[in-house]
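**Q** Coordinates in target01.pdb, PDB, C-alpha atoms (C1' of nucleotides), are listed below.
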ATOM      1  CA  MET X   1     119.338 105.237 171.998
ATOM      2  CA  PRO X   2     115.633 104.768 171.691
ATOM      3  CA  GLU X   3     113.679 105.995 174.694
ATOM      4  CA  LEU X   4     109.943 106.208 175.178
ATOM      5  CA  PRO X   5     109.218 108.703 172.360
ATOM      6  CA  GLU X   6     111.340 106.777 169.881
ATOM      7  CA  VAL X   7     109.797 103.425 170.746
ATOM      8  CA  GLU X   8     106.314 104.931 170.660
ATOM      9  CA  SER X   9     106.971 106.492 167.257
ATOM     10  CA  LEU X  10     108.192 103.169 165.975
ATOM     11  CA  ARG X  11     105.169 101.425 167.472
ATOM     12  CA  ARG X  12     102.836 103.732 165.577
ATOM     13  CA  GLY X  13     104.634 103.095 162.331
ATOM     14  CA  LEU X  14     104.573  99.353 162.882
ATOM     15  CA  GLU X  15     100.913  99.429 163.780
ATOM     16  CA  LYS X  16     100.100 101.219 160.567
ATOM     17  CA  ARG X  17     102.145  98.912 158.366
ATOM     18  CA  ILE X  18     102.097  95.386 159.660
ATOM     19  CA  ILE X  19      98.802  94.728 161.432
ATOM     20  CA  GLY X  20      96.811  92.181 159.476
ATOM     21  CA  GLN X  21      99.890  90.824 157.766
ATOM     22  CA  LYS X  22     101.132  87.296 158.179
ATOM     23  CA  ILE X  23     104.714  86.242 158.770
ATOM     24  CA  ARG X  24     105.599  84.043 155.810
ATOM     25  CA  ARG X  25     109.168  83.265 156.733
ATOM     26  CA  ILE X  26     111.687  84.129 159.430
ATOM     27  CA  GLU X  27     115.440  84.178 159.171
ATOM     28  CA  VAL X  28     117.327  84.405 162.441
ATOM     29  CA  ARG X  29     120.935  85.277 161.744
ATOM     30  CA  LYS X  30     121.975  85.887 165.344
ATOM     31  CA  PRO X  31     120.344  83.269 167.541
ATOM     32  CA  LYS X  32     121.675  84.984 170.625
ATOM     33  CA  LEU X  33     119.211  87.847 170.170
ATOM     34  CA  VAL X  34     116.195  85.559 170.332
ATOM     35  CA  SER X  35     117.478  83.332 173.101
ATOM     36  CA  GLY X  36     116.540  85.316 176.134
ATOM     37  CA  LYS X  37     118.704  85.745 179.182
ATOM     38  CA  GLY X  38     121.210  83.317 180.516
ATOM     39  CA  ASN X  39     121.701  81.962 177.057
ATOM     40  CA  VAL X  40     124.314  79.321 176.597
ATOM     41  CA  ARG X  41     125.514  78.611 173.108
ATOM     42  CA  ALA X  42     124.053  75.147 173.189
ATOM     43  CA  ALA X  43     120.623  76.507 174.024
ATOM     44  CA  SER X  44     120.705  79.059 171.234
ATOM     45  CA  ALA X  45     120.002  76.673 168.392
ATOM     46  CA  ALA X  46     116.963  75.274 170.153
ATOM     47  CA  LYS X  47     115.667  78.739 171.019
ATOM     48  CA  LYS X  48     116.145  79.874 167.469
ATOM     49  CA  ALA X  49     114.130  76.922 166.167
ATOM     50  CA  ARG X  50     111.418  77.563 168.729
ATOM     51  CA  PHE X  51     111.283  81.250 167.789
ATOM     52  CA  THR X  52     111.119  80.548 164.070
ATOM     53  CA  ARG X  53     108.610  77.721 164.303
ATOM     54  CA  GLY X  54     106.467  79.567 166.783
ATOM     55  CA  LEU X  55     106.090  82.757 164.787
ATOM     56  CA  THR X  56     106.035  81.588 161.193
ATOM     57  CA  GLY X  57     102.508  81.810 159.797
ATOM     58  CA  GLN X  58     101.330  84.159 162.555
ATOM     59  CA  ARG X  59      99.128  87.162 161.810
ATOM     60  CA  PHE X  60      99.835  90.473 163.587
ATOM     61  CA  THR X  61      96.853  91.894 165.439
ATOM     62  CA  ALA X  62      98.420  94.570 167.654
ATOM     63  CA  VAL X  63     101.628  96.405 168.481
ATOM     64  CA  GLU X  64     101.833  97.741 172.021
ATOM     65  CA  ARG X  65     104.454  99.530 174.069
ATOM     66  CA  ARG X  66     105.436  99.266 177.717
ATOM     67  CA  ALA X  67     108.289 101.573 178.736
ATOM     68  CA  LYS X  68     110.876 101.010 175.994
ATOM     69  CA  ASN X  69     109.559  97.570 175.079
ATOM     70  CA  LEU X  70     107.505  96.680 172.003
ATOM     71  CA  ILE X  71     104.887  93.956 172.306
ATOM     72  CA  PHE X  72     103.629  92.331 169.129
ATOM     73  CA  ARG X  73     100.418  90.341 169.470
ATOM     74  CA  PHE X  74      99.166  87.726 167.053
ATOM     75  CA  ALA X  75      95.719  86.389 166.219
ATOM     76  CA  SER X  76      96.573  83.071 167.842
ATOM     77  CA  GLY X  77      97.446  84.710 171.149
ATOM     78  CA  LYS X  78     101.173  84.320 170.649
ATOM     79  CA  ILE X  79     103.386  87.239 171.659
ATOM     80  CA  LEU X  80     106.686  88.724 170.550
ATOM     81  CA  LEU X  81     108.453  91.069 172.959
ATOM     82  CA  VAL X  82     111.253  93.279 171.662
ATOM     83  CA  HIS X  83     113.654  95.606 173.445
ATOM     84  CA  LEU X  84     115.837  97.728 171.172
ATOM     85  CA  LYS X  85     118.299  98.706 173.893
ATOM     86  CA  MET X  86     121.047 100.911 172.439
ATOM     87  CA  SER X  87     120.943 100.378 168.732
ATOM     88  CA  GLY X  88     118.083  98.103 167.752
ATOM     89  CA  GLN X  89     115.975  99.246 164.836
ATOM     90  CA  PHE X  90     113.117  97.961 162.708
ATOM     91  CA  VAL X  91     112.967  98.791 159.023
ATOM     92  CA  TYR X  92     110.005  97.826 156.915
ATOM     93  CA  LYS X  93     110.112  97.649 153.150
ATOM     94  CA  GLU X  94     107.064  97.025 151.068
ATOM     95  CA  ARG X  95     107.696  94.761 148.150
ATOM     96  CA  GLY X  96     107.675  96.264 144.695
ATOM     97  CA  ARG X  97     107.252  99.915 143.902
ATOM     98  CA  ALA X  98     106.230 102.660 146.212
ATOM     99  CA  LYS X  99     102.536 102.713 146.760
ATOM    100  CA  VAL X 100     100.268 104.861 148.783
ATOM    101  CA  MET X 101      99.177 103.632 152.174
ATOM    102  CA  GLY X 102      97.354 105.708 154.687
ATOM    103  CA  GLY X 103      97.610 108.736 152.451
ATOM    104  CA  HIS X 104     101.391 108.834 152.476
ATOM    105  CA  PRO X 105     103.714 107.395 149.870
ATOM    106  CA  ILE X 106     106.048 104.827 151.297
ATOM    107  CA  LYS X 107     109.590 105.965 151.273
ATOM    108  CA  ILE X 108     111.782 103.512 149.455
ATOM    109  CA  SER X 109     115.067 103.189 151.231
ATOM    110  CA  GLU X 110     118.364 103.842 149.574
ATOM    111  CA  SER X 111     120.210 101.598 151.951
ATOM    112  CA  GLU X 112     120.730  97.973 151.155
ATOM    113  CA  LEU X 113     119.151  95.510 153.481
ATOM    114  CA  PRO X 114     119.900  93.105 154.864
ATOM    115  CA  ASN X 115     123.304  94.375 155.912
ATOM    116  CA  LYS X 116     125.847  93.065 158.396
ATOM    117  CA  HIS X 117     123.810  94.462 161.272
ATOM    118  CA  THR X 118     120.599  92.733 160.212
ATOM    119  CA  HIS X 119     120.036  89.915 162.672
ATOM    120  CA  VAL X 120     116.431  88.883 162.144
ATOM    121  CA  ILE X 121     114.361  89.074 158.951
ATOM    122  CA  PHE X 122     110.594  88.682 158.884
ATOM    123  CA  GLU X 123     109.115  88.086 155.455
ATOM    124  CA  LEU X 124     105.536  89.333 155.665
ATOM    125  CA  SER X 125     102.593  89.069 153.298
ATOM    126  CA  ARG X 126     103.324  92.354 151.575
ATOM    127  CA  GLY X 127     106.853  93.264 152.583
ATOM    128  CA  THR X 128     109.883  92.570 154.717
ATOM    129  CA  LEU X 129     110.583  93.637 158.280
ATOM    130  CA  PHE X 130     114.263  93.847 159.193
ATOM    131  CA  TYR X 131     115.613  93.897 162.728
ATOM    132  CA  ASN X 132     119.016  95.599 162.722
ATOM    133  CA  ASP X 133     121.160  96.113 165.787
ATOM    134  CA  THR X 134     124.728  97.365 165.651
ATOM    135  CA  ARG X 135     125.655  96.715 169.244
ATOM    136  CA  MET X 136     123.432  93.695 169.646
ATOM    137  CA  PHE X 137     122.253  94.576 173.132
ATOM    138  CA  GLY X 138     118.645  94.251 172.036
ATOM    139  CA  TYR X 139     116.567  91.097 172.172
ATOM    140  CA  LEU X 140     113.431  89.482 170.779
ATOM    141  CA  LEU X 141     111.499  87.117 173.019
ATOM    142  CA  TYR X 142     108.848  84.687 171.877
ATOM    143  CA  TYR X 143     105.936  83.600 174.063
ATOM    144  CA  PRO X 144     103.560  80.870 172.864
ATOM    145  CA  ASP X 145     100.638  82.353 174.778
ATOM    146  CA  GLN X 146      99.457  85.014 177.225
ATOM    147  CA  ALA X 147      99.971  82.685 180.163
ATOM    148  CA  SER X 148     103.666  82.162 179.459
ATOM    149  CA  PHE X 149     104.059  85.884 178.874
ATOM    150  CA  GLU X 150     102.496  86.674 182.225
ATOM    151  CA  LYS X 151     104.404  83.943 183.965
ATOM    152  CA  GLU X 152     107.740  85.383 182.896
ATOM    153  CA  ASN X 153     106.499  88.770 184.106
ATOM    154  CA  HIS X 154     109.104  90.644 182.140
ATOM    155  CA  PHE X 155     107.701  94.010 183.215
ATOM    156  CA  ALA X 156     107.541  93.242 186.924
ATOM    157  CA  ALA X 157     110.184  95.772 187.861
ATOM    158  CA  LEU X 158     108.817  98.630 185.778
ATOM    159  CA  GLY X 159     107.355 101.741 187.341
ATOM    160  CA  VAL X 160     104.574 103.931 186.018
ATOM    161  CA  GLU X 161     104.251 105.096 182.436
ATOM    162  CA  PRO X 162     105.072 108.808 182.460
ATOM    163  CA  LEU X 163     102.202 109.578 180.097
ATOM    164  CA  SER X 164      99.632 107.685 182.126
ATOM    165  CA  PRO X 165      97.368 109.310 184.729
ATOM    166  CA  ALA X 166      99.216 107.316 187.388
ATOM    167  CA  PHE X 167     102.259 109.513 186.893
ATOM    168  CA  THR X 168     101.290 112.468 189.052
ATOM    169  CA  ALA X 169     103.414 115.220 190.556
ATOM    170  CA  ASP X 170     102.672 113.704 193.931
ATOM    171  CA  TYR X 171     103.963 110.323 192.814
ATOM    172  CA  LEU X 172     107.119 111.933 191.511
ATOM    173  CA  TYR X 173     107.605 113.938 194.696
ATOM    174  CA  LYS X 174     107.336 110.847 196.877
ATOM    175  CA  ALA X 175     109.657 108.853 194.630
ATOM    176  CA  LEU X 176     112.282 111.605 194.647
ATOM    177  CA  HIS X 177     112.117 112.057 198.384
ATOM    178  CA  ALA X 178     112.562 108.345 198.937
ATOM    179  CA  LYS X 179     116.004 108.553 197.348
ATOM    180  CA  LYS X 180     119.232 109.920 198.714
ATOM    181  CA  GLY X 181     121.103 110.092 195.438
ATOM    182  CA  ALA X 182     121.035 112.507 192.525
ATOM    183  CA  LEU X 183     117.951 113.453 190.551
ATOM    184  CA  LYS X 184     118.986 112.063 187.193
ATOM    185  CA  PRO X 185     119.435 108.420 188.187
ATOM    186  CA  VAL X 186     115.952 108.562 189.692
ATOM    187  CA  LEU X 187     114.478 109.853 186.442
ATOM    188  CA  MET X 188     116.287 107.144 184.529
ATOM    189  CA  ASN X 189     115.306 104.438 186.984
ATOM    190  CA  GLN X 190     112.815 102.317 185.021
ATOM    191  CA  GLY X 191     111.347 101.065 188.254
ATOM    192  CA  ILE X 192     110.132 104.540 189.104
ATOM    193  CA  VAL X 193     109.304 106.200 185.801
ATOM    194  CA  ALA X 194     109.364 103.753 182.905
ATOM    195  CA  GLY X 195     110.662 105.076 179.620
ATOM    196  CA  LEU X 196     112.941 108.012 180.304
ATOM    197  CA  GLY X 197     116.577 107.683 179.271
ATOM    198  CA  ASN X 198     119.588 109.919 179.007
ATOM    199  CA  ILE X 199     118.115 112.345 176.481
ATOM    200  CA  TYR X 200     114.791 113.071 178.117
ATOM    201  CA  ALA X 201     116.141 113.062 181.655
ATOM    202  CA  ASP X 202     118.535 115.880 180.725
ATOM    203  CA  GLU X 203     115.921 117.749 178.709
ATOM    204  CA  ALA X 204     113.330 117.530 181.469
ATOM    205  CA  ALA X 205     115.808 118.692 184.111
ATOM    206  CA  PHE X 206     116.738 121.678 181.953
ATOM    207  CA  ALA X 207     113.127 122.573 181.267
ATOM    208  CA  ALA X 208     112.473 122.495 185.002
ATOM    209  CA  GLY X 209     115.594 124.514 185.846
ATOM    210  CA  ILE X 210     117.000 121.814 188.102
ATOM    211  CA  ARG X 211     120.505 120.387 188.039
ATOM    212  CA  PRO X 212     120.629 116.681 187.202
ATOM    213  CA  GLY X 213     123.091 116.220 190.041
ATOM    214  CA  ARG X 214     120.830 117.766 192.688
ATOM    215  CA  LYS X 215     120.028 115.426 195.548
ATOM    216  CA  ALA X 216     116.592 114.078 194.674
ATOM    217  CA  ASN X 217     115.208 114.572 198.147
ATOM    218  CA  THR X 218     116.041 118.275 198.193
ATOM    219  CA  LEU X 219     113.587 119.180 195.432
ATOM    220  CA  THR X 220     110.815 121.457 196.609
ATOM    221  CA  ARG X 221     107.153 120.933 195.796
ATOM    222  CA  ALA X 222     107.344 123.753 193.275
ATOM    223  CA  GLU X 223     110.374 122.232 191.587
ATOM    224  CA  VAL X 224     108.736 118.835 191.360
ATOM    225  CA  LEU X 225     105.667 120.425 189.803
ATOM    226  CA  LYS X 226     107.845 122.014 187.138
ATOM    227  CA  LEU X 227     109.713 118.794 186.525
ATOM    228  CA  HIS X 228     106.522 116.801 186.277
ATOM    229  CA  ALA X 229     105.006 119.324 183.884
ATOM    230  CA  ALA X 230     108.196 119.274 181.797
ATOM    231  CA  ILE X 231     108.077 115.501 181.409
ATOM    232  CA  LYS X 232     104.388 115.584 180.524
ATOM    233  CA  LYS X 233     105.058 118.220 177.896
ATOM    234  CA  ILE X 234     108.330 117.038 176.384
ATOM    235  CA  LEU X 235     107.441 113.392 175.767
ATOM    236  CA  PRO X 236     104.292 114.011 173.678
ATOM    237  CA  ARG X 237     106.108 116.722 171.750
ATOM    238  CA  ALA X 238     108.944 114.335 170.990
ATOM    239  CA  ILE X 239     106.508 111.620 169.943
ATOM    240  CA  ARG X 240     104.743 114.056 167.641
ATOM    241  CA  LEU X 241     108.068 114.767 165.946
ATOM    242  CA  GLY X 242     108.956 111.110 165.582
ATOM    243  CA  GLY X 243     111.499 111.010 168.384
ATOM    244  CA  SER X 244     115.140 112.062 168.504
ATOM    245  CA  SER X 245     117.414 110.682 165.830
ATOM    246  CA  VAL X 246     120.847 110.568 167.332
ATOM    247  CA  ILE X 247     123.276 107.820 166.431
ATOM    248  CA  SER X 248     121.326 104.883 165.020
ATOM    249  CA  TYR X 249     117.698 105.597 165.788
ATOM    250  CA  ARG X 250     115.500 105.689 162.693
ATOM    251  CA  LEU X 251     111.805 105.417 162.075
ATOM    252  CA  LEU X 252     110.309 102.388 160.367
ATOM    253  CA  ASP X 253     110.891 103.860 156.914
ATOM    254  CA  GLU X 254     114.433 104.882 157.907
ATOM    255  CA  SER X 255     113.516 108.544 158.099
ATOM    256  CA  ARG X 256     114.795 110.541 161.034
ATOM    257  CA  GLY X 257     112.788 111.744 163.977
ATOM    258  CA  ASN X 258     112.797 115.518 164.278
ATOM    259  CA  TYR X 259     112.956 116.070 168.004
ATOM    260  CA  ALA X 260     116.769 116.159 168.097
ATOM    261  CA  ARG X 261     116.683 119.671 166.664
ATOM    262  CA  GLU X 262     114.704 120.752 169.699
ATOM    263  CA  HIS X 263     117.180 119.403 172.217
ATOM    264  CA  LYS X 264     118.181 122.176 174.585
ATOM    265  CA  VAL X 265     121.029 120.383 176.350
ATOM    266  CA  TYR X 266     121.450 116.778 175.239
ATOM    267  CA  ASN X 267     124.480 116.412 172.980
ATOM    268  CA  ARG X 268     125.151 120.167 173.237
ATOM    269  CA  ALA X 269     128.036 120.223 175.723
ATOM    270  CA  GLY X 270     130.160 123.339 175.255
ATOM    271  CA  GLU X 271     127.531 125.031 173.116
ATOM    272  CA  GLU X 272     125.672 128.064 174.336
ATOM    273  CA  CYS X 273     122.692 127.741 176.624
ATOM    274  CA  LEU X 274     119.658 128.754 174.583
ATOM    275  CA  ILE X 275     118.443 130.890 177.459
ATOM    276  CA  CYS X 276     121.544 132.586 178.892
ATOM    277  CA  ALA X 277     124.277 131.814 176.323
ATOM    278  CA  LEU X 278     126.646 130.396 178.926
ATOM    279  CA  PRO X 279     128.475 127.311 177.576
ATOM    280  CA  LEU X 280     126.682 124.161 178.672
ATOM    281  CA  LYS X 281     128.580 121.985 181.094
ATOM    282  CA  LYS X 282     129.243 118.282 180.677
ATOM    283  CA  ILE X 283     129.555 116.093 183.730
ATOM    284  CA  THR X 284     128.911 112.494 184.729
ATOM    285  CA  VAL X 285     125.928 111.698 186.913
ATOM    286  CA  GLY X 286     125.113 108.159 187.863
ATOM    287  CA  GLY X 287     127.709 106.978 185.395
ATOM    288  CA  ARG X 288     125.986 108.743 182.498
ATOM    289  CA  THR X 289     127.082 111.682 180.417
ATOM    290  CA  THR X 290     125.049 114.665 181.503
ATOM    291  CA  VAL X 291     124.743 118.168 180.098
ATOM    292  CA  TYR X 292     123.223 121.123 181.895
ATOM    293  CA  CYS X 293     123.423 124.879 182.295
ATOM    294  CA  GLN X 294     125.232 126.077 185.395
ATOM    295  CA  ARG X 295     123.286 129.296 185.451
ATOM    296  CA  CYS X 296     119.769 128.264 184.448
ATOM    297  CA  GLN X 297     119.645 125.080 186.472
ATOM    298  CA  ARG X 298     119.802 125.052 190.257
TER     299      ARG X 298
ATOM    300  C1'  DC S   1     118.710  98.974 201.432
ATOM    301  C1'  DC S   2     121.840 101.350 198.207
ATOM    302  C1'  DT S   3     125.184 102.545 195.158
ATOM    303  C1'  DA S   4     129.119 101.594 192.208
ATOM    304  C1'  DA S   5     131.156  98.638 189.030
ATOM    305  C1'  DC S   6     130.885  95.370 185.536
ATOM    306  C1'  DC S   7     129.167  93.282 181.351
ATOM    307  C1'  DC S   8     127.184  92.727 176.818
ATOM    308  C1'  DC S   9     129.031  94.870 171.816
ATOM    309  C1'  DT S  10     130.665  97.788 168.015
ATOM    310  C1'  DG S  11     131.888 102.119 166.068
ATOM    311  C1'  DC S  12     133.540 106.485 166.787
ATOM    312  C1'  DT S  13     137.035 109.427 169.045
ATOM    313  C1'  DT S  14     141.371 110.309 170.958
ATOM    314  C1'  DG S  15     146.283 109.960 171.531
ATOM    315  C1'  DC S  16     150.688 108.622 170.082
TER     316       DC S  16
ATOM    317  C1'  DT V   1     148.380 107.796 158.090
ATOM    318  C1'  DG V   2     147.657 103.930 161.120
ATOM    319  C1'  DC V   3     146.639 101.607 164.995
ATOM    320  C1'  DA V   4     145.369 100.569 169.653
ATOM    321  C1'  DA V   5     143.217 102.024 173.694
ATOM    322  C1'  DG V   6     139.314 104.487 175.507
ATOM    323  C1'  DC V   7     134.696 105.528 175.647
ATOM    324  C1'  DA V   8     129.557 105.487 175.136
ATOM    325  C1'  DG V   9     125.291 103.555 176.456
ATOM    326  C1'  DG V  10     120.195 100.488 178.535
ATOM    327  C1'  DG V  11     119.675  97.989 181.971
ATOM    328  C1'  DG V  12     120.353  93.506 184.239
ATOM    329  C1'  DT V  13     123.513  91.475 187.442
ATOM    330  C1'  DT V  14     127.052  91.281 190.807
ATOM    331  C1'  DA V  15     130.067  93.143 194.234
ATOM    332  C1'  DG V  16     130.898  96.142 198.041
TER     333       DG V  16
END
Take the structure in this file and express it as structure tokens.

**A**
Amino acid sequence: MPELPEVESLRRGLEKRIIGQKIRRIEVRKPKLVSGKGNVRAASAAKKARFTRGLTGQRFTAVERRAKNLIFRFASGKILLVHLKMSGQFVYKERGRAKVMGGHPIKISESELPNKHTHVIFELSRGTLFYNDTRMFGYLLYYPDQASFEKENHFAALGVEPLSPAFTADYLYKALHAKKGALKPVLMNQGIVAGLGNIYADEAAFAAGIRPGRKANTLTRAEVLKLHAAIKKILPRAIRLGGSSVISYRLLDESRGNYAREHKVYNRAGEECLICALPLKKITVGGRTTVYCQRCQR
DNA sequence: CCTAACCCCTGCTTGC
DNA sequence: TGCAAGCAGGGGTTAG
């Protein structure tokens, strides 16, 4: 489940590989994924044609990230917005043999693509970009220009970027104290902090020594400071390691991110707490599987 | 104003 | 061993 560090890692890989390249051909195998919300089957064919026509021949100029969204910009001003949701992934394969780019040899994948989970294929100048998505919750949205992108205002409900200066301990304190519910749903609320998901919410809560189920408005100033510092420390570390590869998340070259091996609680229910050795407890908070240490987290 | 439930979808896990 | 039901999960939407 790609969260901010995974999407950011992917963004960096995409930036390195595809900027400057042109889209030669597009094959949309699952029109639903490029049809936006409220899609009716009848509208899908038209949306697919619009998507394909609109982006064929376009040259990539930038790859940006907002929360867990990827924003591809083109020389013409056109825009492609992608959300990977649960299982979306991009894989890029350079045509021909491995060659050195940016000082690193490109890893040639062993897997065969396209496969049954490949829903959109972008043939680029020098290679092929595959969009795979097992659960098909993800989507790719095409905007003909900046104006239409802004008009749709897809990011209207998003809160601050946790790695931006706007995300201060004070901001977090106020947000937490404005809520009556548990801590974890607040951390995962994209309208408050944009980009945290199940993994990093649990990891941050552990690092701060706070139970995910604690009422958000009972956190002290000191606790919020620790939580804020934990988020500011964990996310860059995870990005540096390429994110957490659990389930289907892979980097652009299909390699795995290395942050999963540093998880202290996520996916470790029943295993020993790395601090006190007590078995980690698994509960549900806000409808999400949650793991924490009953002794180290208060 | 909030929270809980539902939904989208497939693959893995569990239980019989 | 096989199969069906259950579950997971981001996040938008709907119901309560």

**Q** Would you give me, as a PDB file with C-alpha atoms (C1' of nucleotides), in the coordinates of the input, the residues of chain V that come within 9 Å of chain X, using only C-alpha atoms (C1' of nucleotides)?

**A**
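Writing done, so here's result_24.pdb:
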ATOM      1  C1'  DA V   8     129.557 105.487 175.136  1.00  0.00           C
ATOM      2  C1'  DG V   9     125.291 103.555 176.456  1.00  0.00           C
ATOM      3  C1'  DG V  10     120.195 100.488 178.535  1.00  0.00           C
ATOM      4  C1'  DG V  11     119.675  97.989 181.971  1.00  0.00           C
TER       5       DG V  11
END

**Q** When distances are computed from only C-alpha atoms, which of X:Gly286, X:Lys232, X:Ala147, X:Ala260 shows the smallest separation from Arg214 in chain X?

**A**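 Among X:Gly286, X:Lys232, X:Ala147, X:Ala260, it is X:Gly286 that comes nearest to Arg214 in chain X.
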
**Q** Given the file shown, enumerate the residues that the PyMOL selection byres ((chain V and resi 14) around 10) captures and present them as number ranges by chain.

**A** S: 5-7; V: 12-13, 15-16

**Q** Please, which residues of chain S lie no more than 8 Å from chain X when the count uses all atoms listed in the file, and can they be set out as a list in words?

**A**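 Interface list for chain S against chain X: DC8, DC9 and DT10 of chain S.
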
**Q** Here's a test: counting all atoms listed in the file, identify every protein, DNA and RNA residue with an atom at most 12 Å from (138.3, 113.0, 170.6) in the file's coordinate frame, and state them as a PDB file with C-alpha atoms (C1' of nucleotides), keeping the file's coordinate frame.

**A**
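The resulting file, out-v7.pdb, is shown below:
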ATOM      1  C1'  DC S  12     133.540 106.485 166.787  1.00  0.00           C
ATOM      2  C1'  DT S  13     137.035 109.427 169.045  1.00  0.00           C
ATOM      3  C1'  DT S  14     141.371 110.309 170.958  1.00  0.00           C
ATOM      4  C1'  DG S  15     146.283 109.960 171.531  1.00  0.00           C
TER       5       DG S  15
ATOM      6  C1'  DG V   6     139.314 104.487 175.507  1.00  0.00           C
ATOM      7  C1'  DC V   7     134.696 105.528 175.647  1.00  0.00           C
TER       8       DC V   7
END

**Q** Please expand the PyMOL selection byres ((chain X and resi 56) around 12) into the concrete residues it hits in this file, giving the result as a short mmCIF file (atom, residue, chain, number, x, y, z; two decimals) with C-alpha atoms, in the frame of the given file.

**A**
data_model
loop_
_atom_site.label_atom_id
_atom_site.label_comp_id
_atom_site.auth_asym_id
_atom_site.auth_seq_id
_atom_site.Cartn_x
_atom_site.Cartn_y
_atom_site.Cartn_z
CA GLN X 21 99.89 90.82 157.77
CA LYS X 22 101.13 87.30 158.18
CA ILE X 23 104.71 86.24 158.77
CA ARG X 24 105.60 84.04 155.81
CA ARG X 25 109.17 83.26 156.73
CA ILE X 26 111.69 84.13 159.43
CA GLU X 27 115.44 84.18 159.17
CA VAL X 28 117.33 84.40 162.44
CA ALA X 49 114.13 76.92 166.17
CA ARG X 50 111.42 77.56 168.73
CA PHE X 51 111.28 81.25 167.79
CA THR X 52 111.12 80.55 164.07
CA ARG X 53 108.61 77.72 164.30
CA GLY X 54 106.47 79.57 166.78
CA LEU X 55 106.09 82.76 164.79
CA GLY X 57 102.51 81.81 159.80
CA GLN X 58 101.33 84.16 162.56
CA ARG X 59 99.13 87.16 161.81
CA PHE X 60 99.84 90.47 163.59
CA PHE X 74 99.17 87.73 167.05
CA SER X 76 96.57 83.07 167.84
CA LYS X 78 101.17 84.32 170.65
CA LEU X 80 106.69 88.72 170.55
CA ILE X 121 114.36 89.07 158.95
CA PHE X 122 110.59 88.68 158.88
CA GLU X 123 109.12 88.09 155.46
CA LEU X 124 105.54 89.33 155.66
CA SER X 125 102.59 89.07 153.30
CA TYR X 142 108.85 84.69 171.88
CA PRO X 144 103.56 80.87 172.86
#

**Q** In Å, with one decimal, what is the gap from CA of Ile283 in chain X to CA of Pro5 in chain X?

**A**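 Going from CA of Ile283 in chain X over to CA of Pro5 in chain X, I get 24.4 Å.
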
**Q** Expanded to explicit residues, what is the PyMOL selection byres ((chain X and resi 265-271) around 12) for this file, as JSON, numbers by chain?

**A** {"X": [197, 198, 199, 200, 201, 202, 203, 204, 205, 206, 207, 209, 211, 212, 244, 245, 246, 247, 259, 260, 261, 262, 263, 264, 272, 273, 274, 275, 276, 277, 278, 279, 280, 281, 282, 283, 284, 288, 289, 290, 291, 292, 293, 294, 296, 297]}

**Q** Measure the distance from CA of Asp253 in chain X to CA of Gly13 in chain X in Å and round it to one decimal.

**A**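 Result for CA of Asp253 in chain X versus CA of Gly13 in chain X: 8.3 Å, one decimal.
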
**Q** Calculate how many Å separate CA of Val63 in chain X from CA of Leu163 in chain X, rounding to one decimal.

**A**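 Here the two named atoms are 17.6 Å from each other.
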
**Q** Name the closest residue to Leu158 in chain X among the candidates X:Ser35, X:Asn69, X:Ser44, X:Asn258; distances are taken between atoms, counting only C-alpha atoms.

**A**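 Nearest candidate to Leu158 in chain X out of X:Ser35, X:Asn69, X:Ser44, X:Asn258: X:Asn69.
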
**Q** Start from the incomplete input, build N, CA and C atoms for range 281-290 of chain X, and deliver everything as an mmCIF file, in the frame of the given file.

**A**
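Resulting contents of selection-v8.cif:
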data_model
loop_
_atom_site.group_PDB
_atom_site.id
_atom_site.type_symbol
_atom_site.label_atom_id
_atom_site.label_comp_id
_atom_site.auth_asym_id
_atom_site.auth_seq_id
_atom_site.Cartn_x
_atom_site.Cartn_y
_atom_site.Cartn_z
ATOM 1 N N LYS X 281 127.574 122.795 180.420
ATOM 2 C CA LYS X 281 128.580 121.985 181.094
ATOM 3 C C LYS X 281 128.288 120.497 180.980
ATOM 4 N N LYS X 282 129.366 119.738 180.792
ATOM 5 C CA LYS X 282 129.243 118.282 180.677
ATOM 6 C C LYS X 282 129.843 117.615 181.897
ATOM 7 N N ILE X 283 129.064 116.820 182.564
ATOM 8 C CA ILE X 283 129.555 116.093 183.730
ATOM 9 C C ILE X 283 129.056 114.644 183.656
ATOM 10 N N THR X 284 129.430 113.860 184.649
ATOM 11 C CA THR X 284 128.911 112.494 184.729
ATOM 12 C C THR X 284 128.041 112.381 185.967
ATOM 13 N N VAL X 285 126.829 111.918 185.783
ATOM 14 C CA VAL X 285 125.928 111.698 186.913
ATOM 15 C C VAL X 285 125.394 110.280 186.808
ATOM 16 N N GLY X 286 125.580 109.537 187.877
ATOM 17 C CA GLY X 286 125.113 108.159 187.863
ATOM 18 C C GLY X 286 125.751 107.357 186.747
ATOM 19 N N GLY X 287 126.997 107.714 186.427
ATOM 20 C CA GLY X 287 127.709 106.978 185.395
ATOM 21 C C GLY X 287 127.304 107.331 183.977
ATOM 22 N N ARG X 288 126.439 108.362 183.835
ATOM 23 C CA ARG X 288 125.986 108.743 182.498
ATOM 24 C C ARG X 288 126.408 110.156 182.140
ATOM 25 N N THR X 289 126.755 110.348 180.892
ATOM 26 C CA THR X 289 127.082 111.682 180.417
ATOM 27 C C THR X 289 125.870 112.580 180.608
ATOM 28 N N THR X 290 126.135 113.752 181.156
ATOM 29 C CA THR X 290 125.049 114.665 181.503
ATOM 30 C C THR X 290 125.428 116.076 181.095
#
